[in-house]
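Accompanying notes for the structure given below.
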2 protein chains.
Amino acid sequence: MSTRRVAGPEIERLIQLLSKLPGLGPRSARRAALHLVQKKDQLLIPLAEAMGVAVDQVGICSECGTVDTSDPCTICSDPRRDGATIVVVEDVSDLWALERASAVSAHYHVLGGTLSPLDGIGPDDLNISKLVERIEGGAVSEVILAVNATVEGQTTAHFITDQLARFENVKVTRLAHGVPVGGELDYLDEGTLAQALRARTKF
Amino acid sequence: MSTRRVAGPEIERLIQLLSKLPGLGPRSARRAALHLVQKKDQLLIPLAEAMGVAVDQVGICSECGTVDTSDPCTICSDPRRDGATIVVVEDVSDLWALERASAVSAHYHVLGGTLSPLDGIGPDDLNISKLVERIEGGAVSEVILAVNATVEGQTTAHFITDQLARFENVKVTRLAHGVPVGGELDYLDEGTLAQALRARTKF
């Protein structure tokens with residue numbers, strides 16, 4: 001908005017807050033705000049209510065660290081899931097991505113980030129001690145480290161592996177590296193190709 | 001989200017409503033919802049409050065038809081604006097775009113769409129009779145038709161011009177057609193080039 005006022009400060013505040021959402025810039029936030037106030041009954045009122053509910057009810061699962069409206073969360077309290085396997089992820093978005101793939105029906109553990117000495121993020125800033133505590137409970141037989149294939153992700157994976165070394169009955173695994181499904185070799189980096197060759201399997 | 005639940009229905013409802021905002025698809029709505037619940041104090045609570053305020057206070061200006069938290073709106077009640085000039089726009093977003101350009105300090109009139117017989121939108125569905133009423137008030141000397149350069153926009157402009165023909169002291173103008181500032185001739189359509197040539201001005 002320019003220095004001249006075209007609407008009350010309440011609308012400008014709504015635009016300003018919407019522009020902080022990922023995926024919305026100042027221009028699209030303005031469009032979104034206009035859409036909201038023009039669709040008051042169909043969108044603005046239901047969304048305001050849904051946000052109010054989220055404010056009241058959403059919290060962090062004390063078991064795995066994901067966000068949910070119940071504690072323990074929907075996943076931790078799902079009896080159909082395999083509680084002997086814990087998939088360790090960096091962030092809730094990674095958990096949601098793995099669930100969309102429906103590749104595993106296990107429990108999760110959300111670290112809340114990666115080790116990053118440069119940013120001052122050490123082991124105590126991550127949800128690692130609770131992971132160790134869960135494994136001390138004795139019911140876990142496998143920990144799958146589903147962290148990102150970045151330097152920080154791999155550093156964090158190594159650190160957790162060290163922390164879990166004393167649990168001799170717990171297998172620690174990590175995601176396979178290789179060619180993404182649908183990927184073309186020509187567009188892949190050398191590191192991925194080298195890993196895919198090294199980890200080749202019988203056809 | 002897949003058929004398996006990864007979080008309570010409250011979060012999925014929030015995602016579903018966010019995905020109805022322009023500029024957000026299902027994937028970015030999920031990212032936005034996660035961002036909101038993870039930044040509860042900094043973003044979710046303020047945004048929920050701002051939406052609550054908008055629900056309570058935002059309405060349509062009974063004078064010009066824009067959305068605002070006051071009636072008459074911020075623009076209609078601004079004494080520094082030239083009340084003798086009314087800029088007619090299709091939608092509130094056009095009003096906001098013109099205000100960003102700071103090209104005119106006048107009053108506005110929001111039609112709420114364009115005439116479109118195929119979609120069953122006739123003169124009574126637009127905010128036209130109120131425009132005529134405002135001009136009958138006698139204080140208006142110029143009506144600038146700032147409608148889109150589309151067939152529907154131009155049809156609407158012609159209809160309004162007819163409606164205002166009886167006000168002999170009111171000048172009805174429209175936006176100039178021509179080469180957009182920064183535009184390259186090679187990329188412009190023939191219609192725009194022809195108009196720009198026809199309406200050429202002394203250098």
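Identifiers in the structure tokens: chain A, B, ... in order shown; residue index from 1 per chain; ligand index from 1 in order shown.
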
Practice task
Residues of chain A no more than 8 Å from chain B, counting only C-alpha atoms: send them over as a ChimeraX atom specification.
Solution key: /A:1-2,4-8,10-11,13-14,17-18,20-24,28,31-32,34-38,40,43-55,58-59,67-70,73-75,92-93,96,99-100,102

For the structure I just gave you, how does DSSP split segment 23-94 of chain B - specifically, which residues are alpha helix (DSSP H)? Reply as an mmCIF file with N, CA, C and O atoms, in the first residue's frame.
```cif
data_model
loop_
_atom_site.group_PDB
_atom_site.id
_atom_site.type_symbol
_atom_site.label_atom_id
_atom_site.label_comp_id
_atom_site.auth_asym_id
_atom_site.auth_seq_id
_atom_site.Cartn_x
_atom_site.Cartn_y
_atom_site.Cartn_z
ATOM 1 N N PRO B 26 -2.684 -26.778 -2.600
ATOM 2 C CA PRO B 26 -2.721 -27.711 -1.475
ATOM 3 C C PRO B 26 -1.365 -27.834 -0.771
ATOM 4 O O PRO B 26 -1.289 -27.886 0.448
ATOM 5 N N ARG B 27 -0.298 -27.848 -1.563
ATOM 6 C CA ARG B 27 1.026 -28.046 -0.981
ATOM 7 C C ARG B 27 1.466 -26.821 -0.184
ATOM 8 O O ARG B 27 1.945 -26.942 0.945
ATOM 9 N N SER B 28 1.303 -25.639 -0.772
ATOM 10 C CA SER B 28 1.747 -24.438 -0.060
ATOM 11 C C SER B 28 0.818 -24.137 1.112
ATOM 12 O O SER B 28 1.246 -23.544 2.099
ATOM 13 N N ALA B 29 -0.450 -24.572 1.026
ATOM 14 C CA ALA B 29 -1.359 -24.399 2.165
ATOM 15 C C ALA B 29 -0.870 -25.231 3.352
ATOM 16 O O ALA B 29 -0.948 -24.804 4.500
ATOM 17 N N ARG B 30 -0.347 -26.416 3.060
ATOM 18 C CA ARG B 30 0.195 -27.257 4.123
ATOM 19 C C ARG B 30 1.401 -26.588 4.757
ATOM 20 O O ARG B 30 1.542 -26.565 5.979
ATOM 21 N N ARG B 31 2.274 -26.038 3.908
ATOM 22 C CA ARG B 31 3.443 -25.340 4.447
ATOM 23 C C ARG B 31 3.010 -24.153 5.287
ATOM 24 O O ARG B 31 3.581 -23.872 6.345
ATOM 25 N N ALA B 32 1.987 -23.426 4.798
ATOM 26 C CA ALA B 32 1.523 -22.246 5.525
ATOM 27 C C ALA B 32 0.925 -22.645 6.871
ATOM 28 O O ALA B 32 1.182 -22.001 7.889
ATOM 29 N N ALA B 33 0.130 -23.726 6.890
ATOM 30 C CA ALA B 33 -0.490 -24.172 8.142
ATOM 31 C C ALA B 33 0.580 -24.578 9.148
ATOM 32 O O ALA B 33 0.509 -24.237 10.333
ATOM 33 N N LEU B 34 1.587 -25.290 8.653
ATOM 34 C CA LEU B 34 2.661 -25.729 9.539
ATOM 35 C C LEU B 34 3.411 -24.530 10.099
ATOM 36 O O LEU B 34 3.716 -24.471 11.300
ATOM 37 N N HIS B 35 3.684 -23.569 9.213
ATOM 38 C CA HIS B 35 4.363 -22.347 9.629
ATOM 39 C C HIS B 35 3.537 -21.640 10.713
ATOM 40 O O HIS B 35 4.081 -21.176 11.721
ATOM 41 N N LEU B 36 2.219 -21.596 10.511
ATOM 42 C CA LEU B 36 1.343 -20.930 11.472
ATOM 43 C C LEU B 36 1.387 -21.617 12.832
ATOM 44 O O LEU B 36 1.568 -20.956 13.861
ATOM 45 N N VAL B 37 1.216 -22.948 12.853
ATOM 46 C CA VAL B 37 1.131 -23.609 14.159
ATOM 47 C C VAL B 37 2.499 -23.673 14.828
ATOM 48 O O VAL B 37 2.591 -23.753 16.054
ATOM 49 N N GLN B 38 3.577 -23.583 14.019
ATOM 50 C CA GLN B 38 4.901 -23.577 14.644
ATOM 51 C C GLN B 38 5.310 -22.189 15.112
ATOM 52 O O GLN B 38 6.219 -22.052 15.926
ATOM 53 N N ILE B 45 -1.505 -16.412 16.405
ATOM 54 C CA ILE B 45 -2.389 -15.645 17.295
ATOM 55 C C ILE B 45 -2.675 -14.253 16.720
ATOM 56 O O ILE B 45 -3.841 -13.856 16.614
ATOM 57 N N PRO B 46 -1.632 -13.490 16.283
ATOM 58 C CA PRO B 46 -1.948 -12.180 15.680
ATOM 59 C C PRO B 46 -2.840 -12.278 14.443
ATOM 60 O O PRO B 46 -3.758 -11.473 14.275
ATOM 61 N N LEU B 47 -2.595 -13.297 13.608
ATOM 62 C CA LEU B 47 -3.392 -13.409 12.384
ATOM 63 C C LEU B 47 -4.833 -13.798 12.707
ATOM 64 O O LEU B 47 -5.778 -13.270 12.105
ATOM 65 N N ALA B 48 -5.005 -14.700 13.673
ATOM 66 C CA ALA B 48 -6.366 -15.068 14.079
ATOM 67 C C ALA B 48 -7.098 -13.840 14.615
ATOM 68 O O ALA B 48 -8.282 -13.626 14.317
ATOM 69 N N GLU B 49 -6.370 -13.002 15.378
ATOM 70 C CA GLU B 49 -6.993 -11.790 15.910
ATOM 71 C C GLU B 49 -7.342 -10.812 14.789
ATOM 72 O O GLU B 49 -8.436 -10.242 14.769
ATOM 73 N N ALA B 50 -6.400 -10.630 13.851
ATOM 74 C CA ALA B 50 -6.649 -9.698 12.742
ATOM 75 C C ALA B 50 -7.850 -10.153 11.913
ATOM 76 O O ALA B 50 -8.635 -9.335 11.435
ATOM 77 N N MET B 51 -8.002 -11.481 11.764
ATOM 78 C CA MET B 51 -9.152 -11.980 11.018
ATOM 79 C C MET B 51 -10.435 -11.767 11.800
ATOM 80 O O MET B 51 -11.473 -11.440 11.219
ATOM 81 N N GLY B 52 -10.371 -11.949 13.099
ATOM 82 C CA GLY B 52 -11.548 -11.698 13.929
ATOM 83 C C GLY B 52 -11.991 -10.247 13.811
ATOM 84 O O GLY B 52 -13.182 -9.953 13.670
ATOM 85 N N VAL B 53 -11.020 -9.333 13.830
ATOM 86 C CA VAL B 53 -11.326 -7.913 13.672
ATOM 87 C C VAL B 53 -11.964 -7.664 12.303
ATOM 88 O O VAL B 53 -12.950 -6.938 12.185
ATOM 89 N N ALA B 54 -11.390 -8.305 11.275
ATOM 90 C CA ALA B 54 -11.935 -8.126 9.923
ATOM 91 C C ALA B 54 -13.364 -8.651 9.845
ATOM 92 O O ALA B 54 -14.235 -8.021 9.240
ATOM 93 N N VAL B 55 -13.617 -9.797 10.472
ATOM 94 C CA VAL B 55 -14.976 -10.359 10.484
ATOM 95 C C VAL B 55 -15.943 -9.344 11.090
ATOM 96 O O VAL B 55 -17.025 -9.096 10.564
ATOM 97 N N ASP B 56 -15.532 -8.724 12.202
ATOM 98 C CA ASP B 56 -16.428 -7.809 12.899
ATOM 99 C C ASP B 56 -16.593 -6.473 12.185
ATOM 100 O O ASP B 56 -17.663 -5.877 12.222
ATOM 101 N N GLN B 57 -15.510 -5.981 11.566
ATOM 102 C CA GLN B 57 -15.520 -4.576 11.163
ATOM 103 C C GLN B 57 -15.565 -4.321 9.670
ATOM 104 O O GLN B 57 -15.957 -3.235 9.251
ATOM 105 N N VAL B 92 -12.327 -3.932 -6.385
ATOM 106 C CA VAL B 92 -11.521 -3.267 -5.361
ATOM 107 C C VAL B 92 -10.034 -3.404 -5.664
ATOM 108 O O VAL B 92 -9.246 -2.492 -5.405
ATOM 109 N N SER B 93 -9.640 -4.541 -6.253
ATOM 110 C CA SER B 93 -8.219 -4.728 -6.554
ATOM 111 C C SER B 93 -7.729 -3.685 -7.556
ATOM 112 O O SER B 93 -6.575 -3.251 -7.480
ATOM 113 N N ASP B 94 -8.597 -3.254 -8.485
ATOM 114 C CA ASP B 94 -8.219 -2.204 -9.439
ATOM 115 C C ASP B 94 -8.049 -0.870 -8.720
ATOM 116 O O ASP B 94 -7.134 -0.106 -9.013
#
```

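Pairwise distance (atom CA of Ala103 of chain A, atom CA of Gly178 of chain A) equals 16.8 Å.
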
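Going from atom CA of Ser141 of chain A over to atom CA of Thr85 of chain A, you cover 6.1 Å.
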
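Backbone DSSP over chain A gives strand (DSSP E or B) for Gly59, Ile60, Val67, Asp68, Asp82, Gly83, Ala84, Thr85, Ile86, Val87, Val88, Val89, Ala106, His107, Tyr108, His109, Val110, Ser116, Ile121, Glu142, Val143, Ile144, Leu145, Lys171, Val172, Thr173 and Arg174 of chain A.
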
Problem - Contacts of Gln163 of chain A at 12 Å (only C-alpha atoms; same-chain gap of 5+ positions) as a ChimeraX atom specification - result: /A:123,128-133,135-136,143,156-158,168,170,172

Keeping only N, CA, C and O atoms, write those residues as an mmCIF file, in the first residue's frame.
```cif
data_model
loop_
_atom_site.group_PDB
_atom_site.id
_atom_site.type_symbol
_atom_site.label_atom_id
_atom_site.label_comp_id
_atom_site.auth_asym_id
_atom_site.auth_seq_id
_atom_site.Cartn_x
_atom_site.Cartn_y
_atom_site.Cartn_z
ATOM 1 N N PRO A 123 23.474 -30.143 20.339
ATOM 2 C CA PRO A 123 22.594 -31.278 20.658
ATOM 3 C C PRO A 123 21.466 -30.913 21.620
ATOM 4 O O PRO A 123 20.354 -31.417 21.491
ATOM 5 N N ILE A 128 16.853 -34.511 21.038
ATOM 6 C CA ILE A 128 17.607 -35.774 20.971
ATOM 7 C C ILE A 128 17.516 -36.569 22.271
ATOM 8 O O ILE A 128 17.363 -37.799 22.253
ATOM 9 N N SER A 129 17.570 -35.880 23.423
ATOM 10 C CA SER A 129 17.563 -36.626 24.683
ATOM 11 C C SER A 129 16.246 -37.392 24.865
ATOM 12 O O SER A 129 16.227 -38.509 25.403
ATOM 13 N N LYS A 130 15.152 -36.809 24.356
ATOM 14 C CA LYS A 130 13.862 -37.512 24.433
ATOM 15 C C LYS A 130 13.878 -38.766 23.548
ATOM 16 O O LYS A 130 13.271 -39.785 23.893
ATOM 17 N N LEU A 131 14.593 -38.695 22.422
ATOM 18 C CA LEU A 131 14.729 -39.871 21.554
ATOM 19 C C LEU A 131 15.447 -40.991 22.299
ATOM 20 O O LEU A 131 14.994 -42.146 22.299
ATOM 21 N N VAL A 132 16.550 -40.642 22.965
ATOM 22 C CA VAL A 132 17.306 -41.633 23.744
ATOM 23 C C VAL A 132 16.413 -42.234 24.832
ATOM 24 O O VAL A 132 16.379 -43.453 25.040
ATOM 25 N N GLU A 133 15.650 -41.366 25.471
ATOM 26 C CA GLU A 133 14.729 -41.801 26.531
ATOM 27 C C GLU A 133 13.701 -42.805 25.992
ATOM 28 O O GLU A 133 13.403 -43.819 26.642
ATOM 29 N N ILE A 135 14.070 -44.781 23.513
ATOM 30 C CA ILE A 135 14.722 -46.047 23.174
ATOM 31 C C ILE A 135 15.093 -46.802 24.441
ATOM 32 O O ILE A 135 15.037 -48.033 24.491
ATOM 33 N N GLU A 136 15.404 -46.036 25.503
ATOM 34 C CA GLU A 136 15.672 -46.680 26.797
ATOM 35 C C GLU A 136 14.447 -47.447 27.280
ATOM 36 O O GLU A 136 14.569 -48.395 28.060
ATOM 37 N N VAL A 143 15.721 -47.733 14.392
ATOM 38 C CA VAL A 143 15.632 -46.285 14.243
ATOM 39 C C VAL A 143 16.062 -45.947 12.821
ATOM 40 O O VAL A 143 17.189 -46.240 12.413
ATOM 41 N N THR A 156 24.170 -34.612 11.779
ATOM 42 C CA THR A 156 23.205 -34.932 12.828
ATOM 43 C C THR A 156 22.979 -36.434 12.886
ATOM 44 O O THR A 156 22.897 -37.023 13.984
ATOM 45 N N ALA A 157 22.908 -37.076 11.720
ATOM 46 C CA ALA A 157 22.716 -38.530 11.675
ATOM 47 C C ALA A 157 23.874 -39.253 12.361
ATOM 48 O O ALA A 157 23.672 -40.186 13.144
ATOM 49 N N HIS A 158 25.115 -38.791 12.087
ATOM 50 C CA HIS A 158 26.276 -39.412 12.729
ATOM 51 C C HIS A 158 26.225 -39.226 14.237
ATOM 52 O O HIS A 158 26.502 -40.151 14.994
ATOM 53 N N GLU A 168 22.506 -52.162 21.920
ATOM 54 C CA GLU A 168 22.978 -53.174 20.971
ATOM 55 C C GLU A 168 21.846 -53.837 20.203
ATOM 56 O O GLU A 168 22.050 -54.348 19.102
ATOM 57 N N VAL A 170 19.225 -52.318 19.045
ATOM 58 C CA VAL A 170 18.530 -51.367 18.186
ATOM 59 C C VAL A 170 19.328 -51.167 16.902
ATOM 60 O O VAL A 170 20.494 -50.765 16.932
ATOM 61 N N VAL A 172 20.187 -49.164 13.644
ATOM 62 C CA VAL A 172 20.075 -47.785 13.150
ATOM 63 C C VAL A 172 20.301 -47.803 11.646
ATOM 64 O O VAL A 172 21.339 -48.261 11.169
#
```

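Atom pair atom CA of Ala106 of chain B / atom CA of Val87 of chain B: separated by 6.9 Å.
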
Problem - Who sits within 12 Å of Leu197 of chain A, only C-alpha atoms, same chain under 5 positions skipped, as JSON, numbers by chain - result: {"A": [177, 178, 179, 185, 190, 191, 192, 202]}

Output for the residues just chosen: all heavy atoms as a compact mmCIF listing (two decimals), in the first residue's frame:
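Final file, result38.txt:
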```txt
# COMPACT_ATOMS: atom_id res chain seq x y z
N HIS A 177 20.48 -43.60 -0.74
CA HIS A 177 20.78 -42.57 -1.73
C HIS A 177 20.69 -43.21 -3.09
O HIS A 177 20.96 -44.39 -3.26
CB HIS A 177 22.20 -42.03 -1.54
CG HIS A 177 22.36 -41.19 -0.32
ND1 HIS A 177 21.56 -40.11 -0.06
CD2 HIS A 177 23.22 -41.27 0.71
CE1 HIS A 177 21.93 -39.56 1.07
NE2 HIS A 177 22.93 -40.25 1.58
N GLY A 178 20.35 -42.45 -4.09
CA GLY A 178 20.30 -43.00 -5.45
C GLY A 178 19.58 -42.09 -6.41
O GLY A 178 19.30 -40.92 -6.10
N VAL A 179 19.22 -42.65 -7.54
CA VAL A 179 18.53 -41.88 -8.58
C VAL A 179 17.06 -41.71 -8.18
O VAL A 179 16.40 -42.70 -7.88
CB VAL A 179 18.62 -42.63 -9.93
CG1 VAL A 179 17.93 -41.85 -11.03
CG2 VAL A 179 20.07 -42.92 -10.30
N LEU A 185 19.37 -39.35 -15.66
CA LEU A 185 20.77 -39.36 -15.22
C LEU A 185 21.48 -38.07 -15.64
O LEU A 185 22.30 -37.54 -14.89
CB LEU A 185 21.51 -40.55 -15.82
CG LEU A 185 20.98 -41.95 -15.45
CD1 LEU A 185 22.03 -42.99 -15.80
CD2 LEU A 185 20.63 -42.04 -13.98
N GLU A 190 27.04 -35.38 -9.70
CA GLU A 190 28.01 -36.47 -9.66
C GLU A 190 27.90 -37.27 -8.36
O GLU A 190 28.03 -38.50 -8.36
CB GLU A 190 29.44 -35.93 -9.79
CG GLU A 190 29.76 -35.33 -11.14
CD GLU A 190 29.20 -33.91 -11.29
OE1 GLU A 190 28.72 -33.36 -10.28
OE2 GLU A 190 29.22 -33.38 -12.41
N GLY A 191 27.68 -36.58 -7.25
CA GLY A 191 27.61 -37.26 -5.96
C GLY A 191 26.50 -38.30 -5.94
O GLY A 191 26.69 -39.44 -5.49
N THR A 192 25.32 -37.91 -6.45
CA THR A 192 24.19 -38.84 -6.47
C THR A 192 24.48 -40.03 -7.38
O THR A 192 24.21 -41.19 -7.03
CB THR A 192 22.92 -38.11 -6.96
OG1 THR A 192 22.69 -36.99 -6.12
CG2 THR A 192 21.71 -39.02 -6.95
N LYS A 202 21.02 -56.03 -7.52
CA LYS A 202 20.83 -57.05 -8.57
C LYS A 202 19.51 -56.80 -9.26
O LYS A 202 18.50 -56.52 -8.63
CB LYS A 202 20.84 -58.43 -7.91
CG LYS A 202 21.14 -59.57 -8.86
CD LYS A 202 21.36 -60.86 -8.09
CE LYS A 202 21.58 -62.04 -9.04
NZ LYS A 202 20.71 -62.10 -10.19
```

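The environment of Pro72 of chain A within 7 Å, counting only C-alpha atoms and disregarding residues fewer than 5 places along the same chain, consists of A:Cys61, A:Ser62, A:Glu63, A:Ser77.
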